[in-house]
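Asks: Below is data-v1.cif; it holds mmCIF, C-alpha atoms.
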```cif
data_start
#
loop_
_atom_site.group_PDB
_atom_site.id
_atom_site.type_symbol
_atom_site.label_atom_id
_atom_site.label_comp_id
_atom_site.auth_asym_id
_atom_site.auth_seq_id
_atom_site.Cartn_x
_atom_site.Cartn_y
_atom_site.Cartn_z
ATOM 1 C CA MET A 1 38.537 38.736 47.192
ATOM 2 C CA SER A 2 36.529 41.573 48.789
ATOM 3 C CA PHE A 3 35.480 41.837 52.422
ATOM 4 C CA ALA A 4 31.867 41.358 51.272
ATOM 5 C CA GLN A 5 32.839 38.040 49.693
ATOM 6 C CA ASP A 6 34.789 37.026 52.792
ATOM 7 C CA GLU A 7 31.770 37.710 55.012
ATOM 8 C CA ARG A 8 29.453 35.899 52.619
ATOM 9 C CA ARG A 9 31.638 32.804 52.760
ATOM 10 C CA ALA A 10 31.896 33.008 56.563
ATOM 11 C CA LEU A 11 28.112 33.488 56.875
ATOM 12 C CA VAL A 12 27.432 30.368 54.799
ATOM 13 C CA ASP A 13 29.961 28.394 56.863
ATOM 14 C CA SER A 14 28.284 29.507 60.098
ATOM 15 C CA MET A 15 24.823 28.667 58.767
ATOM 16 C CA ARG A 16 25.982 25.243 57.696
ATOM 17 C CA GLU A 17 27.519 24.679 61.145
ATOM 18 C CA VAL A 18 24.417 25.597 63.170
ATOM 19 C CA GLY A 19 21.866 24.134 60.751
ATOM 20 C CA PRO A 20 18.596 25.431 59.251
ATOM 21 C CA ASP A 21 16.592 25.646 62.478
ATOM 22 C CA ALA A 22 18.946 27.729 64.621
ATOM 23 C CA PRO A 23 17.687 31.062 66.045
ATOM 24 C CA THR A 24 18.925 34.394 64.741
ATOM 25 C CA LEU A 25 18.737 37.991 65.944
ATOM 26 C CA CYS A 26 16.059 38.636 63.293
ATOM 27 C CA ALA A 27 12.891 38.251 65.337
ATOM 28 C CA GLY A 28 10.995 35.119 64.405
ATOM 29 C CA TRP A 29 13.513 33.985 61.790
ATOM 30 C CA THR A 30 15.551 30.828 61.844
ATOM 31 C CA THR A 31 18.700 30.479 59.765
ATOM 32 C CA ARG A 32 16.553 28.958 57.011
ATOM 33 C CA ASP A 33 14.348 32.054 56.968
ATOM 34 C CA LEU A 34 17.393 34.318 56.903
ATOM 35 C CA ALA A 35 18.978 32.374 54.043
ATOM 36 C CA ALA A 36 15.706 32.591 52.095
ATOM 37 C CA HIS A 37 15.601 36.363 52.691
ATOM 38 C CA LEU A 38 19.094 36.791 51.255
ATOM 39 C CA VAL A 39 18.400 34.553 48.260
ATOM 40 C CA VAL A 40 15.160 36.424 47.466
ATOM 41 C CA ARG A 41 16.980 39.741 47.833
ATOM 42 C CA GLU A 42 19.525 38.778 45.174
ATOM 43 C CA ARG A 43 17.653 36.358 42.896
ATOM 44 C CA ARG A 44 13.996 37.372 42.832
ATOM 45 C CA LEU A 45 13.852 40.766 41.185
ATOM 46 C CA ASP A 46 10.060 40.620 41.291
ATOM 47 C CA ALA A 47 9.996 40.235 45.071
ATOM 48 C CA ALA A 48 13.104 42.045 46.305
ATOM 49 C CA PRO A 49 11.594 45.589 46.213
ATOM 50 C CA GLY A 50 9.208 44.643 49.007
ATOM 51 C CA ILE A 51 12.144 44.393 51.409
ATOM 52 C CA LEU A 52 12.271 48.197 51.420
ATOM 53 C CA ILE A 53 8.863 49.264 50.033
ATOM 54 C CA LYS A 54 6.122 48.568 52.581
ATOM 55 C CA PRO A 55 3.163 48.330 50.155
ATOM 56 C CA LEU A 56 5.002 45.480 48.396
ATOM 57 C CA ALA A 57 6.079 43.699 51.577
ATOM 58 C CA GLY A 58 3.206 41.220 51.603
ATOM 59 C CA TYR A 59 4.217 39.730 48.267
ATOM 60 C CA THR A 60 7.859 39.597 49.341
ATOM 61 C CA GLU A 61 6.952 37.773 52.553
ATOM 62 C CA LYS A 62 4.872 35.256 50.586
ATOM 63 C CA VAL A 63 7.722 34.557 48.154
ATOM 64 C CA GLN A 64 10.271 34.321 50.963
ATOM 65 C CA ALA A 65 8.108 31.855 52.895
ATOM 66 C CA SER A 66 7.754 29.744 49.760
ATOM 67 C CA VAL A 67 11.492 29.766 49.093
ATOM 68 C CA ALA A 68 12.218 28.814 52.710
ATOM 69 C CA ALA A 69 9.691 25.979 52.713
ATOM 70 C CA ASP A 70 10.302 24.531 49.253
ATOM 71 C CA THR A 71 14.053 24.851 48.758
ATOM 72 C CA ASP A 72 16.479 22.220 49.999
ATOM 73 C CA TRP A 73 18.808 23.586 52.696
ATOM 74 C CA ASP A 74 21.961 22.742 50.755
ATOM 75 C CA LYS A 75 20.495 24.429 47.662
ATOM 76 C CA LEU A 76 19.680 27.562 49.669
ATOM 77 C CA LEU A 77 23.246 27.727 50.945
ATOM 78 C CA ALA A 78 24.681 27.088 47.473
ATOM 79 C CA ASP A 79 22.586 29.918 46.009
ATOM 80 C CA LEU A 80 23.668 32.258 48.804
ATOM 81 C CA ALA A 81 27.318 31.267 48.483
ATOM 82 C CA SER A 82 27.409 31.909 44.738
ATOM 83 C CA GLY A 83 26.488 35.553 45.184
ATOM 84 C CA PRO A 84 24.327 37.763 42.971
ATOM 85 C CA PRO A 85 23.560 36.089 39.628
ATOM 86 C CA ILE A 86 24.606 37.699 36.371
ATOM 87 C CA PHE A 87 21.178 39.302 35.882
ATOM 88 C CA SER A 88 21.183 40.947 39.319
ATOM 89 C CA PRO A 89 21.908 44.692 39.503
ATOM 90 C CA MET A 90 23.775 43.909 42.725
ATOM 91 C CA ARG A 91 26.418 41.863 40.948
ATOM 92 C CA PRO A 92 28.678 44.783 39.877
ATOM 93 C CA LEU A 93 28.064 46.503 43.228
ATOM 94 C CA ASP A 94 28.609 43.470 45.433
ATOM 95 C CA ARG A 95 31.621 44.761 47.364
ATOM 96 C CA TRP A 96 29.711 47.908 48.365
ATOM 97 C CA ALA A 97 26.051 46.865 48.453
ATOM 98 C CA ASN A 98 26.590 43.603 50.314
ATOM 99 C CA LEU A 99 29.359 44.261 52.839
ATOM 100 C CA ALA A 100 27.063 45.505 55.611
ATOM 101 C CA GLU A 101 24.323 43.018 54.672
ATOM 102 C CA MET A 102 26.608 39.998 54.948
ATOM 103 C CA PHE A 103 28.378 41.251 58.080
ATOM 104 C CA ILE A 104 25.178 42.092 59.955
ATOM 105 C CA HIS A 105 23.435 38.850 59.063
ATOM 106 C CA HIS A 106 26.532 36.826 59.902
ATOM 107 C CA GLU A 107 26.390 38.342 63.374
ATOM 108 C CA ASP A 108 22.642 37.643 63.473
ATOM 109 C CA VAL A 109 23.538 33.961 63.169
ATOM 110 C CA LEU A 110 26.514 34.019 65.544
ATOM 111 C CA ARG A 111 24.626 35.880 68.273
ATOM 112 C CA GLY A 112 21.214 34.333 67.694
ATOM 113 C CA ALA A 113 21.304 32.118 70.774
ATOM 114 C CA ALA A 114 23.067 34.611 73.038
ATOM 115 C CA ASP A 115 21.430 36.033 76.150
ATOM 116 C CA PRO A 116 20.777 39.731 75.343
ATOM 117 C CA ASP A 117 21.399 40.636 78.997
ATOM 118 C CA SER A 118 24.755 38.870 79.222
ATOM 119 C CA GLU A 119 28.179 40.281 78.480
ATOM 120 C CA TRP A 120 28.993 39.635 74.830
ATOM 121 C CA VAL A 121 32.539 39.105 73.605
ATOM 122 C CA PRO A 122 32.519 39.704 69.847
ATOM 123 C CA ARG A 123 34.740 37.904 67.377
ATOM 124 C CA VAL A 124 37.983 39.680 66.508
ATOM 125 C CA LEU A 125 37.655 41.296 63.085
ATOM 126 C CA ASP A 126 40.366 42.006 60.555
ATOM 127 C CA PRO A 127 41.417 45.682 60.911
ATOM 128 C CA GLY A 128 40.727 46.173 57.215
ATOM 129 C CA LEU A 129 37.160 44.941 57.677
ATOM 130 C CA GLN A 130 36.635 47.252 60.639
ATOM 131 C CA ASP A 131 37.805 50.159 58.505
ATOM 132 C CA ALA A 132 35.611 49.125 55.560
ATOM 133 C CA LEU A 133 32.537 49.065 57.816
ATOM 134 C CA ARG A 134 32.883 52.778 58.562
ATOM 135 C CA MET A 135 31.297 53.769 55.244
ATOM 136 C CA PRO A 136 28.078 51.722 55.568
ATOM 137 C CA LEU A 137 27.871 52.760 59.218
ATOM 138 C CA ARG A 138 27.826 56.421 58.213
ATOM 139 C CA SER A 139 25.218 55.933 55.494
ATOM 140 C CA MET A 140 22.879 53.652 57.455
ATOM 141 C CA SER A 141 23.054 55.782 60.605
ATOM 142 C CA LYS A 142 21.570 58.740 58.735
ATOM 143 C CA MET A 143 18.280 56.844 58.700
ATOM 144 C CA THR A 144 18.411 54.911 61.961
ATOM 145 C CA LEU A 145 19.536 57.745 64.241
ATOM 146 C CA ARG A 146 17.366 60.543 62.969
ATOM 147 C CA SER A 147 14.442 59.899 65.331
ATOM 148 C CA MET A 148 16.551 59.102 68.395
ATOM 149 C CA PRO A 149 15.353 60.741 71.669
ATOM 150 C CA ALA A 150 18.834 62.256 72.188
ATOM 151 C CA ARG A 151 21.617 63.706 70.096
ATOM 152 C CA VAL A 152 23.468 60.421 69.615
ATOM 153 C CA THR A 153 27.097 60.369 68.513
ATOM 154 C CA LEU A 154 28.686 57.104 67.395
ATOM 155 C CA ARG A 155 32.362 57.198 68.340
ATOM 156 C CA SER A 156 34.961 54.601 67.431
ATOM 157 C CA THR A 157 37.364 53.274 70.018
ATOM 158 C CA ASP A 158 40.145 55.313 68.366
ATOM 159 C CA GLY A 159 38.245 58.518 69.192
ATOM 160 C CA ALA A 160 36.770 59.312 65.769
ATOM 161 C CA ASP A 161 33.159 60.498 65.600
ATOM 162 C CA LEU A 162 31.649 58.431 62.773
ATOM 163 C CA ALA A 163 27.991 59.464 62.788
ATOM 164 C CA SER A 164 25.409 61.420 64.729
ATOM 165 C CA GLY A 165 21.682 61.977 64.716
ATOM 166 C CA GLY A 166 18.606 62.583 66.794
ATOM 167 C CA SER A 167 17.796 65.539 69.008
ATOM 168 C CA GLY A 168 17.968 66.413 72.666
ATOM 169 C CA GLU A 169 20.610 65.891 75.304
ATOM 170 C CA PRO A 170 23.857 64.313 74.073
ATOM 171 C CA VAL A 171 24.584 60.600 74.356
ATOM 172 C CA THR A 172 27.826 59.101 73.072
ATOM 173 C CA VAL A 173 27.983 55.457 72.038
ATOM 174 C CA THR A 174 31.516 54.080 71.750
ATOM 175 C CA GLY A 175 32.678 50.866 70.106
ATOM 176 C CA THR A 176 34.409 49.423 67.081
ATOM 177 C CA PRO A 177 32.846 50.253 63.700
ATOM 178 C CA GLY A 178 31.403 46.734 63.529
ATOM 179 C CA GLU A 179 29.749 46.938 66.947
ATOM 180 C CA LEU A 180 28.471 50.452 66.234
ATOM 181 C CA LEU A 181 26.916 49.224 62.986
ATOM 182 C CA LEU A 182 25.150 46.454 64.877
ATOM 183 C CA PHE A 183 23.916 48.950 67.480
ATOM 184 C CA ALA A 184 22.727 51.329 64.739
ATOM 185 C CA THR A 185 20.656 48.543 63.196
ATOM 186 C CA GLY A 186 19.034 47.523 66.465
ATOM 187 C CA ARG A 187 20.989 44.377 67.309
ATOM 188 C CA THR A 188 21.585 43.084 70.810
ATOM 189 C CA PRO A 189 23.771 41.923 72.487
ATOM 190 C CA VAL A 190 26.364 44.393 71.259
ATOM 191 C CA ALA A 191 29.681 45.471 72.785
ATOM 192 C CA VAL A 192 29.387 49.250 73.117
ATOM 193 C CA THR A 193 29.573 51.719 75.999
ATOM 194 C CA PHE A 194 27.354 54.732 76.673
ATOM 195 C CA ASP A 195 28.111 58.162 78.068
ATOM 196 C CA GLY A 196 25.449 60.691 78.996
ATOM 197 C CA ASP A 197 22.440 61.179 81.250
ATOM 198 C CA PRO A 198 21.329 57.729 82.538
ATOM 199 C CA GLY A 199 17.671 58.325 81.728
ATOM 200 C CA ARG A 200 18.485 59.492 78.242
ATOM 201 C CA ILE A 201 20.768 56.481 77.733
ATOM 202 C CA ASP A 202 17.913 54.158 78.689
ATOM 203 C CA ALA A 203 15.657 55.916 76.169
ATOM 204 C CA VAL A 204 18.291 55.537 73.440
ATOM 205 C CA LYS A 205 18.703 51.834 74.186
ATOM 206 C CA ALA A 206 14.957 51.282 74.036
ATOM 207 C CA ALA A 207 14.666 53.208 70.768
ATOM 208 C CA ALA A 208 17.570 51.314 69.196
ATOM 209 C CA HIS A 209 16.007 47.960 70.013
ATOM 210 C CA GLY A 210 12.845 49.068 68.248
ATOM 211 C CA PHE A 211 14.408 49.506 64.808
#
```
Give the structure from the file, written as structure tokens.
Replies:
Amino acid sequence: MSFAQDERRALVDSMREVGPDAPTLCAGWTTRDLAAHLVVRERRLDAAPGILIKPLAGYTEKVQASVAADTDWDKLLADLASGPPIFSPMRPLDRWANLAEMFIHHEDVLRGAADPDSEWVPRVLDPGLQDALRMPLRSMSKMTLRSMPARVTLRSTDGADLASGGSGEPVTVTGTPGELLLFATGRTPVAVTFDGDPGRIDAVKAAAHGF
């Protein structure tokens, strides 16, 4: 079983535990909305492109709202748990295409009710999962860091520089690969530390939260 499959199973378990109306880190989305998003992404080839292509987003949002409203909660979770169907182009790429997606959204559920200004103690991840998250961190950070108001370097707790982007004075963000991935996709709370000019750090934090 791949790490993507492990995270998918854990995500479904967490959703089932908190129920369909629990908050998530995705602004305005409950766990039901998040489950519908993931099901549409993998099972509605007509609507999935709108997740990334803005001119198509309106149709995607309409389909997602319909799926969330009209699908039984247990059915939503069963569809999510079963993974990409045989007709989905994601099926052969599941271990690569879905690792970051399942990990990030699992944390969206786990941290959904947390106070963003409180100290967050993240779950302890398998070392193999932490290592596997380095690749999606590098690829996703190319997009999310490029407009940062500082030259941001993402550094793992073992001292490895995993990604960088932006322009201006340097700011280093240090954490595990999992926490850095969450930071790079605008999540909060997140367990990372910052090093650099205080004003520039504040600007980086504000920009990250706006992703």
Asks: Output the residue selection produced by the PyMOL selection byres ((chain A and resi 9-14) around 10) on the file above, formatted as a ChimeraX atom specification.
Replies: /A:3-8,15-19,31,35,76-78,80-83,102-110
Asks: Determine the nearest neighbour of Ser147 in chain A from the options A:Ala65, A:Leu93, A:Val204, A:Leu162, counting only C-alpha atoms.
Replies: A:Val204
Asks: Using all atoms listed in the file - which residues lie no farther than 12 Å from the point (32.6, 52.7, 54.6) in the file's frame? Write them as a ChimeraX atom specification.
Replies: /A:3-4,95-100,128-141,162-163,177-178,181
Asks: Apply the PyMOL selection byres ((chain A and resi 154) around 7) to the structure shown and report the selected residues as a VMD selection string.
Replies: chain A and resid 152 to 153 155 to 156 161 to 164 172 to 174 180
Asks: With all atoms listed in the file as the atoms that count, which of A:Ile51, A:Met1, A:Leu145, A:Ala206 lies nearest to His37 in chain A?
Replies: A:Ile51
Asks: Kindly give the distance, in Å, that separates CA of Tyr59 in chain A and CA of Asp46 in chain A, rounded to a single decimal.
Replies: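 For CA of Tyr59 in chain A relative to CA of Asp46 in chain A, the distance reads 9.1 Å.
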Asks: Using all atoms listed in the file, find the one residue out of A:Thr24, A:Thr188, A:Thr157, A:Ser88 that sits nearest to Arg43 in chain A.
Replies: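 Closest candidate: A:Ser88.
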Asks: Using CA of Arg187 in chain A and CA of His209 in chain A as the two end points, give the distance in Å to one decimal.
Replies: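 Taking CA of Arg187 in chain A and CA of His209 in chain A, their separation equals 6.7 Å.
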Asks: Decode the PyMOL selection byres ((chain A and resi 186) around 7) for the given file into explicit residues and return them as a ChimeraX atom specification.
Replies: /A:182-185,187-188,208-211
